[in-house]
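Source file work-v6.txt; content: compact mmCIF, C-alpha atoms.
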# COMPACT_ATOMS: atom_id res chain seq x y z
CA MET X 1421 0.00 0.00 0.00
CA ARG X 1422 1.50 3.30 -1.09
CA ASP X 1423 1.02 6.32 1.15
CA VAL X 1424 0.91 9.80 -0.35
CA ILE X 1425 3.79 10.97 1.86
CA GLN X 1426 5.94 9.45 4.61
CA THR X 1427 8.20 11.66 6.75
CA GLU X 1428 10.94 11.33 9.36
CA GLU X 1429 12.14 14.21 11.54
CA LEU X 1430 15.53 14.71 13.18
CA THR X 1431 16.43 17.47 15.65
CA VAL X 1432 19.89 19.02 15.26
CA PRO X 1433 21.62 19.57 18.64
CA GLU X 1434 23.29 22.83 19.68
CA GLY X 1435 26.84 23.39 18.49
CA VAL X 1436 26.25 21.37 15.30
CA THR X 1437 25.42 22.82 11.89
CA VAL X 1438 23.85 20.72 9.14
CA GLU X 1439 23.85 21.82 5.51
CA VAL X 1440 21.97 20.05 2.72
CA LYS X 1441 22.62 20.84 -0.92
CA SER X 1442 21.26 18.54 -3.65
CA ARG X 1443 21.24 15.54 -1.26
CA ILE X 1444 24.85 16.06 -0.14
CA ILE X 1445 24.75 16.39 3.64
CA THR X 1446 27.53 18.32 5.43
CA VAL X 1447 27.67 18.19 9.24
CA THR X 1448 30.06 20.47 11.15
CA GLY X 1449 30.75 20.19 14.87
CA PRO X 1450 33.48 20.56 17.50
CA ARG X 1451 35.44 17.53 16.16
CA GLY X 1452 35.42 18.59 12.50
CA THR X 1453 33.34 18.29 9.36
CA LEU X 1454 31.81 15.19 7.76
CA THR X 1455 30.16 14.95 4.34
CA LYS X 1456 27.80 12.24 3.11
CA ASN X 1457 26.50 11.87 -0.44
CA VAL X 1458 23.01 10.31 -0.53
CA ARG X 1459 22.12 11.18 -4.13
CA HIS X 1460 21.36 7.52 -4.86
CA THR X 1461 18.17 7.74 -2.77
CA ASN X 1462 15.09 9.43 -4.16
CA MET X 1463 13.74 11.57 -1.31
CA ASP X 1464 13.30 15.16 -0.16
CA ILE X 1465 15.77 16.36 2.46
CA ASN X 1466 14.89 19.76 3.90
CA LEU X 1467 16.39 21.85 6.69
CA VAL X 1468 13.70 23.46 8.85
CA LYS X 1469 15.18 26.39 10.79
CA ALA X 1470 13.35 27.59 13.91
CA LYS X 1471 14.39 29.96 16.69
CA GLU X 1472 14.88 27.28 19.34
CA SER X 1473 16.11 24.29 17.29
CA HIS X 1474 16.85 23.27 13.71
CA LYS X 1475 15.36 20.11 12.25
CA VAL X 1476 16.10 17.90 9.26
CA LEU X 1477 12.92 16.77 7.52
CA LEU X 1478 13.11 13.67 5.31
CA SER X 1479 10.13 12.82 3.12
CA VAL X 1480 9.23 10.24 0.49
CA TRP X 1481 6.29 10.75 -1.86
CA GLN X 1482 4.28 7.79 -3.19
CA GLY X 1483 6.84 5.33 -1.82
CA GLY X 1484 6.58 1.57 -1.64
CA ARG X 1485 7.72 -0.45 1.38
CA LYS X 1486 11.38 -0.63 0.37
CA HIS X 1487 11.47 3.03 -0.62
CA VAL X 1488 9.98 4.13 2.71
CA ALA X 1489 12.59 2.00 4.54
CA CYS X 1490 15.27 4.34 3.14
CA LEU X 1491 13.89 7.14 5.34
CA ARG X 1492 15.06 5.53 8.56
CA THR X 1493 18.39 4.54 6.98
CA ILE X 1494 19.22 8.12 5.96
CA LYS X 1495 18.03 9.38 9.37
CA SER X 1496 20.43 6.95 11.08
CA LEU X 1497 23.27 8.05 8.75
CA ILE X 1498 22.73 11.70 9.74
CA GLN X 1499 22.53 10.74 13.43
CA ASN X 1500 25.88 8.95 13.10
CA LEU X 1501 27.41 12.01 11.42
CA ILE X 1502 26.18 14.23 14.27
CA LYS X 1503 27.45 11.76 16.89
CA GLY X 1504 30.82 11.61 15.11
CA VAL X 1505 31.43 15.38 15.05
CA THR X 1506 30.33 15.80 18.69
CA LEU X 1507 31.48 12.67 20.57
CA GLY X 1508 33.69 10.76 18.08
CA PHE X 1509 33.89 6.97 17.77
CA ARG X 1510 36.25 4.59 19.59
CA TYR X 1511 36.64 0.87 18.85
CA LYS X 1512 38.76 -1.35 21.10
CA MET X 1513 40.35 -4.53 19.73
CA ARG X 1514 42.11 -7.38 21.54
CA ALA X 1515 44.80 -9.70 20.24
CA VAL X 1516 43.84 -13.26 21.23
CA TYR X 1517 46.34 -16.12 21.03
CA ALA X 1518 46.82 -19.58 22.54
CA HIS X 1519 50.55 -20.14 21.94
CA PHE X 1520 52.33 -17.74 19.60
CA PRO X 1521 52.12 -14.16 20.96
CA ILE X 1522 50.85 -11.75 18.28
CA ASN X 1523 53.05 -8.64 17.92
CA CYS X 1524 51.12 -5.50 16.95
CA ILE X 1525 53.38 -2.59 15.96
CA ILE X 1526 51.92 0.86 15.27
CA GLN X 1527 53.46 2.46 12.15
CA ASP X 1528 53.47 5.96 10.59
CA GLY X 1529 52.37 7.73 13.76
CA GLY X 1530 49.14 5.81 14.19
CA SER X 1531 48.00 5.58 10.57
CA ALA X 1532 49.03 1.92 9.99
CA ILE X 1533 49.64 -1.29 11.93
CA GLU X 1534 51.95 -4.27 11.37
CA ILE X 1535 50.94 -7.66 12.76
CA ARG X 1536 53.77 -10.17 13.20
CA ASN X 1537 54.08 -13.75 14.51
CA PHE X 1538 50.40 -14.61 13.90
CA LEU X 1539 50.22 -18.40 14.47
CA GLY X 1540 54.04 -18.34 14.29
CA GLU X 1541 53.96 -17.33 10.60
CA LYS X 1542 56.87 -15.33 9.22
CA ILE X 1543 54.66 -13.16 7.00
CA VAL X 1544 54.16 -9.53 8.10
CA ARG X 1545 50.58 -8.27 7.80
CA ARG X 1546 50.26 -4.52 7.26
CA VAL X 1547 46.94 -2.68 7.48
CA ASP X 1548 46.62 1.02 6.62
CA MET X 1549 43.92 2.95 8.48
CA LEU X 1550 41.30 4.78 6.45
CA GLU X 1551 41.12 8.58 6.32
CA GLY X 1552 40.60 10.22 9.71
CA VAL X 1553 41.26 7.06 11.76
CA SER X 1554 44.13 6.84 14.26
CA ILE X 1555 45.26 3.67 16.01
CA SER X 1556 47.13 3.41 19.30
CA GLU X 1557 48.09 0.80 21.88
CA SER X 1558 46.20 0.77 25.16
CA LYS X 1559 48.21 1.76 28.25
CA ALA X 1560 45.82 0.03 30.69
CA GLN X 1561 45.34 -3.33 28.96
CA LYS X 1562 47.90 -5.70 27.40
CA ASP X 1563 47.40 -6.67 23.73
CA GLU X 1564 44.67 -4.04 23.24
CA LEU X 1565 44.39 -1.64 20.30
CA ILE X 1566 42.30 1.55 20.26
CA LEU X 1567 40.92 2.95 16.99
CA GLU X 1568 39.52 6.50 17.09
CA GLY X 1569 37.91 8.76 14.50
CA THR X 1570 34.86 10.87 13.62
CA ASP X 1571 33.45 8.78 10.74
CA ILE X 1572 31.87 5.53 12.03
CA GLU X 1573 32.17 3.88 8.61
CA ASN X 1574 35.93 4.47 8.40
CA VAL X 1575 36.56 3.42 12.02
CA SER X 1576 34.54 0.22 11.73
CA GLN X 1577 35.99 -0.66 8.30
CA SER X 1578 39.53 -0.20 9.62
CA ALA X 1579 38.70 -2.54 12.52
CA ALA X 1580 37.19 -5.06 10.09
CA SER X 1581 40.31 -4.88 7.89
CA ILE X 1582 42.54 -5.69 10.87
CA GLN X 1583 40.29 -8.59 11.89
CA GLY X 1584 40.11 -9.83 8.29
CA THR X 1585 43.88 -10.01 7.84
CA CYS X 1586 44.12 -12.35 10.85
CA ARG X 1587 41.85 -15.10 9.55
CA VAL X 1588 42.98 -18.66 10.22
CA ARG X 1589 43.17 -20.71 7.02
CA ASN X 1590 43.31 -24.47 6.46
CA LYS X 1591 42.71 -25.23 10.14
CA ASP X 1592 39.71 -25.93 12.36
CA ILE X 1593 38.51 -22.45 13.39
CA ARG X 1594 36.73 -23.92 16.43
CA LYS X 1595 40.11 -24.90 17.84
CA PHE X 1596 42.34 -22.12 16.41
CA LEU X 1597 40.72 -19.02 17.90
CA ASP X 1598 43.76 -16.77 17.41
CA GLY X 1599 43.17 -13.34 15.91
CA VAL X 1600 42.54 -9.66 16.59
CA TYR X 1601 38.89 -9.10 17.49
CA VAL X 1602 36.71 -6.06 18.31
CA SER X 1603 36.04 -6.14 22.05
CA GLU X 1604 34.24 -2.82 22.62
CA LYS X 1605 32.46 -0.16 20.58
CA GLY X 1606 31.79 3.29 21.97
CA THR X 1607 32.43 7.03 21.81
CA ILE X 1608 35.58 9.00 22.63
CA SER X 1609 33.72 11.51 24.83
CA ALA X 1610 31.15 10.18 27.27
CA ALA X 1611 27.59 11.09 26.30
CA GLU X 1612 25.75 13.26 28.81

What would you get if you wrote out this structure as structure tokens?
Amino acid sequence: MRDVIQTEELTVPEGVTVEVKSRIITVTGPRGTLTKNVRHTNMDINLVKAKESHKVLLSVWQGGRKHVACLRTIKSLIQNLIKGVTLGFRYKMRAVYAHFPINCIIQDGGSAIEIRNFLGEKIVRRVDMLEGVSISESKAQKDELILEGTDIENVSQSAASIQGTCRVRNKDIRKFLDGVYVSEKGTISAAE
């Protein structure tokens, strides 16, 4: 059943500015600026400016079920952009090993990581972080890596790339549980 119009509304918090121009969304906050291109979706994105608070209004005209589902997706994308420029994103990863200790060496001032001695292999695995993501070793916890950035997609993809390079091949993965895994997902600043 097609409705004439379906809308979603999103309030913009103080200290954050949102600009929309031909479905390219730019969010600026205390931690920087993020831009997201959503031209592939067919919907109206309007900025409603009021005295007390600004709102982003998303609307789909004559949309089917799948088309209307895009509303909530784009709303979540904008919420993640706002969260990124205000609080920032932090992923924690742990190196897990049974016998051979995994050596994680931060390279290029936190923009790359080298993983050595994974399952005793001689090969050196190097993973470059995506734009705006920095990696560091935890001071409090042994074998823990901390990835930080403003863009949740880049932070999570960098974590996935690290985990993906440490896949165990040609062995029973129920027994060989070695690898570098995401242990915690959160924000850099604590939310009020």

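Counting from atom CA of X:Gly1599, the distance to atom CA of X:Gly1508 is 26.0 Å.
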
Requested in this report: Go ahead and compute the interatomic distance for atom CA of X:Lys1503 and atom CA of X:Lys1605, in Å to one decimal.
Outcome: 13.4 Å

Please build the interface table for stretch 1467-1558 of chain X against stretch 1433-1446 of chain X with a cut-off of 9 Å, listing for each qualifying residue the nearest atom pair and the distance in Å to one decimal; count all atoms listed in the file, order rows by chain and increasing number, and write it as CSV.
residue,atom,partner,partner_atom,distance
X:Leu1467,CA,X:Val1440,CA,7.1
X:Ser1473,CA,X:Pro1433,CA,7.4
X:His1474,CA,X:Pro1433,CA,7.8
X:Lys1475,CA,X:Pro1433,CA,9.0
X:Val1476,CA,X:Val1438,CA,8.2
X:Ile1498,CA,X:Ile1445,CA,8.0
X:Leu1501,CA,X:Thr1446,CA,8.7
X:Ile1502,CA,X:Val1436,CA,7.2
X:Val1505,CA,X:Val1436,CA,7.9
X:Thr1506,CA,X:Val1436,CA,7.7

Report task. Rounded to one decimal place, report the atom CA of X:Ser1581-atom CA of X:Leu1491 distance in Å. Result -> 29.1 Å

Requested in this report: Excluding X:Glu1604 and any residue of its chain fewer than 3 positions from it, enumerate the residues within 7 Å of it, using all atoms listed in the file, and give them as a PyMOL selection string.
Outcome: chain X and resi 1511-1513

Requested in this report: Anything within 9 Å of (49.4, -5.2, 6.4): list those residues as a PyMOL selection string, counting all atoms listed in the file and sticking to the file's coordinates.
Outcome: chain X and resi 1532-1535+1544-1548+1582+1585

How about saving the chosen residues, C-alpha atoms kept, as a PDB file, in the coordinates of the input?
ATOM      1  CA  ALA X1532      49.030   1.920   9.990  1.00  0.00           C
ATOM      2  CA  ILE X1533      49.640  -1.290  11.930  1.00  0.00           C
ATOM      3  CA  GLU X1534      51.950  -4.270  11.370  1.00  0.00           C
ATOM      4  CA  ILE X1535      50.940  -7.660  12.760  1.00  0.00           C
ATOM      5  CA  VAL X1544      54.160  -9.530   8.100  1.00  0.00           C
ATOM      6  CA  ARG X1545      50.580  -8.270   7.800  1.00  0.00           C
ATOM      7  CA  ARG X1546      50.260  -4.520   7.260  1.00  0.00           C
ATOM      8  CA  VAL X1547      46.940  -2.680   7.480  1.00  0.00           C
ATOM      9  CA  ASP X1548      46.620   1.020   6.620  1.00  0.00           C
ATOM     10  CA  ILE X1582      42.540  -5.690  10.870  1.00  0.00           C
ATOM     11  CA  THR X1585      43.880 -10.010   7.840  1.00  0.00           C
TER      12      THR X1585
END

Stretch 1430-1506 of chain X residues near stretch 1566-1574 of chain X within 12 Å, closest pair each, using only C-alpha atoms, as a tab-separated table:
residue	atom	partner	partner_atom	distance
X:Val1447	CA	X:Asp1571	CA	11.1
X:Thr1448	CA	X:Thr1570	CA	11.0
X:Gly1449	CA	X:Thr1570	CA	10.3
X:Pro1450	CA	X:Thr1570	CA	10.5
X:Arg1451	CA	X:Thr1570	CA	7.2
X:Gly1452	CA	X:Thr1570	CA	7.8
X:Thr1453	CA	X:Thr1570	CA	8.7
X:Leu1454	CA	X:Asp1571	CA	7.3
X:Thr1455	CA	X:Asp1571	CA	9.5
X:Lys1456	CA	X:Asp1571	CA	10.1
X:Ser1496	CA	X:Ile1572	CA	11.6
X:Leu1497	CA	X:Ile1572	CA	9.5
X:Ile1498	CA	X:Asp1571	CA	11.2
X:Gln1499	CA	X:Ile1572	CA	10.8
X:Asn1500	CA	X:Ile1572	CA	7.0
X:Leu1501	CA	X:Asp1571	CA	6.9
X:Ile1502	CA	X:Thr1570	CA	9.3
X:Lys1503	CA	X:Thr1570	CA	8.1
X:Gly1504	CA	X:Thr1570	CA	4.4
X:Val1505	CA	X:Thr1570	CA	5.8
X:Thr1506	CA	X:Thr1570	CA	8.4

Give me the stretch 1462-1549 of chain X side of the contact with stretch 1559-1562 of chain X, cut-off 12 Å, one line per residue showing its nearest atom pair and distance in Å at one decimal, counting all atoms listed in the file, sorted by chain and residue number, as a tab-separated table.
residue	atom	partner	partner_atom	distance
X:Lys1512	CA	X:Gln1561	CA	10.4
X:Met1513	CA	X:Gln1561	CA	10.6
X:Arg1514	CA	X:Lys1562	CA	8.4
X:Ala1515	CA	X:Lys1562	CA	8.8
X:Val1516	CA	X:Lys1562	CA	10.6
X:Pro1521	CA	X:Lys1562	CA	11.4
X:Ile1522	CA	X:Lys1562	CA	11.3
X:Asn1523	CA	X:Lys1562	CA	11.2
X:Cys1524	CA	X:Lys1562	CA	10.9

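Nearest residue to X:Glu1472, choosing from X:Cys1490, X:Val1432, X:Ile1555, X:Met1549 and counting only C-alpha atoms: X:Val1432.
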
Put stretch 1421-1449 of chain X into a file with N, CA, C and O atoms, as a tab-separated table (two decimals), in the first residue's frame.
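Heads up, here's the output in decode.tsv:
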chain	number	residue	atom	x	y	z
X	1421	MET	N	0.85	-1.19	0.00
X	1421	MET	CA	0.00	0.00	0.00
X	1421	MET	C	0.89	1.24	0.00
X	1421	MET	O	1.75	1.40	0.86
X	1422	ARG	N	0.70	2.09	-0.97
X	1422	ARG	CA	1.50	3.30	-1.09
X	1422	ARG	C	0.80	4.45	-0.38
X	1422	ARG	O	-0.37	4.73	-0.64
X	1423	ASP	N	1.53	5.11	0.51
X	1423	ASP	CA	1.02	6.32	1.15
X	1423	ASP	C	1.38	7.51	0.27
X	1423	ASP	O	2.35	7.47	-0.50
X	1424	VAL	N	0.62	8.60	0.43
X	1424	VAL	CA	0.91	9.80	-0.35
X	1424	VAL	C	2.27	10.37	0.05
X	1424	VAL	O	3.11	10.67	-0.78
X	1425	ILE	N	2.50	10.46	1.37
X	1425	ILE	CA	3.79	10.97	1.86
X	1425	ILE	C	4.14	10.29	3.19
X	1425	ILE	O	3.26	10.02	4.01
X	1426	GLN	N	5.40	9.98	3.34
X	1426	GLN	CA	5.94	9.45	4.61
X	1426	GLN	C	7.09	10.37	5.02
X	1426	GLN	O	7.92	10.73	4.18
X	1427	THR	N	7.16	10.74	6.29
X	1427	THR	CA	8.20	11.66	6.75
X	1427	THR	C	8.91	11.13	7.98
X	1427	THR	O	8.35	10.35	8.75
X	1428	GLU	N	10.15	11.55	8.14
X	1428	GLU	CA	10.94	11.33	9.36
X	1428	GLU	C	11.53	12.68	9.74
X	1428	GLU	O	11.92	13.48	8.87
X	1429	GLU	N	11.64	12.93	11.04
X	1429	GLU	CA	12.14	14.21	11.54
X	1429	GLU	C	13.32	13.97	12.46
X	1429	GLU	O	13.34	13.02	13.23
X	1430	LEU	N	14.32	14.85	12.37
X	1430	LEU	CA	15.53	14.71	13.18
X	1430	LEU	C	15.92	16.08	13.72
X	1430	LEU	O	16.09	17.03	12.94
X	1431	THR	N	16.05	16.19	15.03
X	1431	THR	CA	16.43	17.47	15.65
X	1431	THR	C	17.95	17.59	15.68
X	1431	THR	O	18.65	16.65	16.08
X	1432	VAL	N	18.45	18.76	15.28
X	1432	VAL	CA	19.89	19.02	15.26
X	1432	VAL	C	20.28	19.63	16.61
X	1432	VAL	O	19.71	20.64	17.01
X	1433	PRO	N	21.24	19.02	17.34
X	1433	PRO	CA	21.62	19.57	18.64
X	1433	PRO	C	22.40	20.88	18.53
X	1433	PRO	O	22.89	21.24	17.44
X	1434	GLU	N	22.54	21.57	19.65
X	1434	GLU	CA	23.29	22.83	19.68
X	1434	GLU	C	24.77	22.57	19.44
X	1434	GLU	O	25.30	21.55	19.85
X	1435	GLY	N	25.42	23.53	18.77
X	1435	GLY	CA	26.84	23.39	18.49
X	1435	GLY	C	27.14	22.61	17.22
X	1435	GLY	O	28.29	22.40	16.87
X	1436	VAL	N	26.08	22.14	16.54
X	1436	VAL	CA	26.25	21.37	15.30
X	1436	VAL	C	25.47	22.08	14.20
X	1436	VAL	O	24.33	22.47	14.40
X	1437	THR	N	26.11	22.25	13.04
X	1437	THR	CA	25.42	22.82	11.89
X	1437	THR	C	25.30	21.76	10.81
X	1437	THR	O	26.26	21.03	10.53
X	1438	VAL	N	24.11	21.67	10.22
X	1438	VAL	CA	23.85	20.72	9.14
X	1438	VAL	C	23.49	21.51	7.90
X	1438	VAL	O	22.64	22.40	7.95
X	1439	GLU	N	24.15	21.18	6.80
X	1439	GLU	CA	23.85	21.82	5.51
X	1439	GLU	C	23.47	20.73	4.52
X	1439	GLU	O	24.10	19.67	4.48
X	1440	VAL	N	22.43	21.01	3.74
X	1440	VAL	CA	21.97	20.05	2.72
X	1440	VAL	C	21.92	20.78	1.39
X	1440	VAL	O	21.24	21.81	1.26
X	1441	LYS	N	22.65	20.27	0.42
X	1441	LYS	CA	22.62	20.84	-0.92
X	1441	LYS	C	22.59	19.70	-1.92
X	1441	LYS	O	23.54	18.92	-2.00
X	1442	SER	N	21.49	19.59	-2.65
X	1442	SER	CA	21.26	18.54	-3.65
X	1442	SER	C	21.64	17.15	-3.11
X	1442	SER	O	22.43	16.43	-3.71
X	1443	ARG	N	21.08	16.83	-1.94
X	1443	ARG	CA	21.24	15.54	-1.26
X	1443	ARG	C	22.69	15.20	-0.90
X	1443	ARG	O	23.06	14.03	-0.79
X	1444	ILE	N	23.52	16.23	-0.73
X	1444	ILE	CA	24.85	16.06	-0.14
X	1444	ILE	C	24.79	16.72	1.23
X	1444	ILE	O	24.57	17.93	1.33
X	1445	ILE	N	24.94	15.92	2.28
X	1445	ILE	CA	24.75	16.39	3.64
X	1445	ILE	C	26.12	16.69	4.25
X	1445	ILE	O	27.00	15.83	4.26
X	1446	THR	N	26.29	17.91	4.77
X	1446	THR	CA	27.53	18.32	5.43
X	1446	THR	C	27.21	18.65	6.88
X	1446	THR	O	26.35	19.49	7.15
X	1447	VAL	N	27.89	17.97	7.81
X	1447	VAL	CA	27.67	18.19	9.24
X	1447	VAL	C	28.97	18.71	9.84
X	1447	VAL	O	30.03	18.10	9.68
X	1448	THR	N	28.89	19.86	10.53
X	1448	THR	CA	30.06	20.47	11.15
X	1448	THR	C	29.84	20.55	12.65
X	1448	THR	O	28.76	20.96	13.10
X	1449	GLY	N	30.84	20.16	13.41
X	1449	GLY	CA	30.75	20.19	14.87
X	1449	GLY	C	32.11	20.44	15.49
X	1449	GLY	O	33.08	20.77	14.79
